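Visitor: File follows, target_13.cif with mmCIF, C-alpha atoms:
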data_my_file
loop_
_atom_site.label_atom_id
_atom_site.label_comp_id
_atom_site.auth_asym_id
_atom_site.auth_seq_id
_atom_site.Cartn_x
_atom_site.Cartn_y
_atom_site.Cartn_z
CA MET U 28 38.25 -69.77 251.57
CA LEU U 29 41.52 -69.97 249.66
CA LEU U 30 39.76 -71.62 246.73
CA ALA U 31 37.18 -68.82 246.55
CA LEU U 32 39.90 -66.19 246.77
CA GLY U 33 41.89 -68.00 244.09
CA LEU U 34 38.88 -68.24 241.77
CA GLY U 35 38.15 -64.55 242.24
CA LEU U 36 41.77 -63.59 241.55
CA LEU U 37 41.84 -65.86 238.52
CA ALA U 38 38.71 -64.23 237.05
CA PHE U 39 39.97 -60.72 237.86
CA GLY U 40 43.38 -61.65 236.47
CA ALA U 41 41.77 -62.84 233.24
CA LEU U 42 40.14 -59.42 232.87
CA ILE U 43 43.45 -57.66 233.47
CA PHE U 44 45.23 -60.06 231.12
CA PHE U 45 42.78 -59.36 228.27
CA ILE U 46 43.27 -55.63 228.66
CA THR U 47 46.98 -55.27 229.51
CA ASP U 48 48.62 -58.68 228.77
CA VAL U 49 49.91 -58.91 232.38
CA PRO U 50 49.51 -62.51 233.62
CA TRP U 51 50.69 -62.05 237.23
CA VAL U 52 47.28 -61.69 238.88
CA MET U 53 46.04 -64.79 237.07
CA ALA U 54 49.16 -66.66 238.21
CA GLY U 55 48.52 -65.56 241.80
CA GLY U 56 44.93 -66.79 241.57
CA LEU U 57 46.11 -70.12 240.22
CA ALA U 58 48.62 -70.38 243.09
CA PHE U 59 45.84 -69.77 245.63
CA ILE U 60 43.72 -72.43 243.93
CA LEU U 61 46.58 -74.94 244.06
CA ILE U 62 47.35 -74.16 247.73
CA GLY U 63 43.68 -74.41 248.69
CA THR U 64 43.24 -77.66 246.79
CA GLY U 65 46.38 -79.09 248.36
CA GLY U 66 45.16 -78.14 251.84
CA TRP U 67 41.81 -79.74 251.15
CA LEU U 68 43.50 -82.88 249.83
CA VAL U 69 45.71 -83.21 252.92
CA GLY U 70 42.72 -82.64 255.21
CA ASN U 71 40.62 -85.12 253.27
CA ILE U 72 43.32 -87.81 253.49
CA ARG U 73 43.60 -87.24 257.26
CA GLU U 74 39.83 -87.54 257.69
CA ARG U 75 39.70 -90.77 255.69
CA VAL U 76 42.58 -92.28 257.65
CA HIS U 77 40.94 -91.45 260.99
CA GLY U 78 37.46 -92.34 259.72
CA SER U 79 35.81 -89.13 260.94
CA GLU U 80 34.31 -87.97 257.64
CA THR U 81 30.58 -87.46 257.74
CA PRO U 82 28.13 -87.12 254.85
CA ALA U 83 27.53 -83.52 255.94
CA VAL U 84 31.21 -82.69 255.37
CA ALA U 85 31.12 -84.20 251.88
CA ALA U 86 27.88 -82.37 251.05
CA LYS U 87 29.31 -79.07 252.30
CA PHE U 88 32.42 -79.51 250.16
CA ALA U 89 30.31 -80.39 247.12
CA MET U 90 28.26 -77.22 247.59
CA TRP U 91 31.41 -75.09 247.89
CA CYS U 92 32.76 -76.69 244.70
CA PHE U 93 29.52 -75.89 242.91
CA LEU U 94 29.58 -72.29 244.12
CA GLY U 95 33.22 -71.97 243.11
CA THR U 96 32.50 -73.14 239.58
CA GLU U 97 29.60 -70.68 239.35
CA VAL U 98 31.88 -67.83 240.47
CA PHE U 99 34.46 -68.86 237.90
CA ILE U 100 31.96 -69.21 235.04
CA PHE U 101 30.11 -65.97 235.70
CA GLY U 102 33.35 -64.12 236.47
CA ALA U 103 34.77 -65.20 233.13
CA LEU U 104 31.58 -64.21 231.30
CA ILE U 105 31.49 -60.79 232.95
CA ALA U 106 35.20 -60.28 232.23
CA ARG U 107 34.64 -61.17 228.58
CA VAL U 108 31.74 -58.73 228.22
CA LEU U 109 33.83 -55.97 229.83
CA THR U 110 36.70 -56.61 227.43
CA ILE U 111 34.32 -56.55 224.46
CA TRP U 112 32.89 -53.25 225.65
CA ALA U 113 36.39 -51.83 226.17
CA HIS U 114 37.65 -52.79 222.70
CA ASP U 115 34.58 -52.40 220.47
CA PRO U 116 32.30 -49.35 220.82
CA GLU U 117 29.84 -50.83 218.30
CA ALA U 118 29.33 -53.91 220.47
CA HIS U 119 28.71 -51.63 223.45
CA ARG U 120 26.01 -49.80 221.50
CA LEU U 121 24.35 -53.05 220.38
CA LEU U 122 24.37 -54.54 223.88
CA THR U 123 22.79 -51.46 225.43
CA GLU U 124 19.91 -51.04 222.98
CA PRO U 125 16.61 -51.48 224.86
CA LEU U 126 15.12 -54.29 222.76
CA SER U 127 18.21 -56.48 222.54
CA SER U 128 18.96 -55.89 226.23
CA LEU U 129 15.42 -56.91 227.18
CA LEU U 130 15.71 -60.08 225.10
CA LEU U 131 19.09 -60.96 226.64
CA VAL U 132 17.85 -60.35 230.19
CA SER U 133 14.70 -62.37 229.51
CA VAL U 134 16.65 -65.36 228.22
CA ASN U 135 19.06 -65.22 231.18
CA THR U 136 16.17 -64.99 233.65
CA PHE U 137 14.42 -67.94 232.01
CA LEU U 138 17.59 -70.05 232.21
CA LEU U 139 18.12 -69.20 235.88
CA LEU U 140 14.51 -70.03 236.73
CA VAL U 141 14.65 -73.35 234.87
CA SER U 142 17.92 -74.29 236.58
CA SER U 143 16.42 -73.44 239.99
CA LEU U 144 13.36 -75.52 239.17
CA SER U 145 15.51 -78.48 238.17
CA VAL U 146 17.42 -78.29 241.48
CA VAL U 147 14.17 -78.19 243.47
CA LEU U 148 12.73 -81.13 241.51
CA ALA U 149 15.95 -83.10 241.99
CA LEU U 150 15.91 -82.46 245.74
CA ASN U 151 12.25 -83.48 245.89
CA SER U 152 13.04 -86.71 244.03
CA ILE U 153 15.95 -87.48 246.37
CA GLN U 154 13.78 -86.89 249.43
CA ALA U 155 11.04 -89.08 247.96
CA GLY U 156 13.56 -91.88 247.33
CA LYS U 157 13.20 -91.91 243.55
#
Do you think you could lay out the structure here as structure tokens?
Guide:
Amino acid sequence: MLLALGLGLLAFGALIFFITDVPWVMAGGLAFILIGTGGWLVGNIRERVHGSETPAVAAKFAMWCFLGTEVFIFGALIARVLTIWAHDPEAHRLLTEPLSSLLLVSVNTFLLLVSSLSVVLALNSIQAGK
């Protein structure tokens, strides 16, 4: 939970930093990330010492890490687009034209569908023992 909050604050802080040059929100997000990571590390060490870690716990943590990286990547991309729109009216006009917008949305949709397909195929291969 702290990691997700930290990633969100870091992405929001990056947006604020690009617009106003105020780094405090980004620093707060980084602090939450460090506290969350430290808490996870302490908990992980305790679990390994007591031998109570299960594969389900490791898989759950891996999924949360994946989701956290997705939030960070897409948050940074959205923040960058918003800063471009705020600073360059010509870029805003080009990105909102119907044809270029349709092309951009089509490419993004294709990439998301292909990535989903690759995850499904990977899961199928794992279940089949390949």
Visitor: Please identify all polymer residues within 10 Å of Ile111 of chain U, counting only C-alpha atoms, omitting same-chain residues fewer than 6 positions from it, and present them as a ChimeraX atom specification.
Guide: /U:45-46,105,117-119
Visitor: Please write the residues from the selection above to a file, keeping C-alpha atoms, as a PDB file, in the frame of the given file.
Guide:
ATOM      1  CA  PHE U  45      42.780 -59.360 228.270  1.00  0.00           C
ATOM      2  CA  ILE U  46      43.270 -55.630 228.660  1.00  0.00           C
ATOM      3  CA  ILE U 105      31.490 -60.790 232.950  1.00  0.00           C
ATOM      4  CA  GLU U 117      29.840 -50.830 218.300  1.00  0.00           C
ATOM      5  CA  ALA U 118      29.330 -53.910 220.470  1.00  0.00           C
ATOM      6  CA  HIS U 119      28.710 -51.630 223.450  1.00  0.00           C
TER       7      HIS U 119
END
Visitor: One decimal, in Å: what's the spacing between atom CA of Leu42 of chain U and atom CA of Ala113 of chain U?
Guide: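 Result for atom CA of Leu42 of chain U versus atom CA of Ala113 of chain U: 10.8 Å, one decimal.
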Visitor: Could you list the residues chosen by the PyMOL selection byres ((chain U and resi 60) around 10) in this structure as a list in words?
Guide: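 Applied to this file, the PyMOL selection byres ((chain U and resi 60) around 10) selects Met28, Leu29, Leu30, Ala31, Leu32, Gly33, Leu34, Gly35, Leu36, Leu37, Ala54, Gly55, Gly56, Leu57, Ala58, Phe59, Leu61, Ile62, Gly63, Thr64, Gly65 and Gly66 of chain U.
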Visitor: I'd like the interatomic distance between atom CA of Val52 of chain U and atom CA of Gly40 of chain U, to a tenth of an Å.
Guide: 4.6 Å
Visitor: Could you list, as a PyMOL selection string, every residue within 8 Å of Ala41 of chain U, counting all atoms listed in the file and ignoring same-chain residues fewer than 5 positions away?
Guide: chain U and resi 50+52-53+103+106
Visitor: What does the distance from atom CA of Leu109 of chain U to atom CA of Phe93 of chain U come to in Å, to one decimal?
Guide: 24.2 Å
Visitor: Closest to Leu68 of chain U among U:Phe88, U:Thr110, U:Val49, U:Leu131, using all atoms listed in the file?
Guide: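 Among U:Phe88, U:Thr110, U:Val49, U:Leu131, it is U:Phe88 that comes nearest to Leu68 of chain U.
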Visitor: Box for segment 90-98 of chain U: with edges along x, y and z, all listed atoms inside and 6 Å added on each side, what are the centre and edge lengths in Å to one decimal, as lines of an AutoDock Vina configuration file?
Guide:
center_x = 30.7
center_y = -72.5
center_z = 243.6
size_x = 17.0
size_y = 21.4
size_z = 20.5
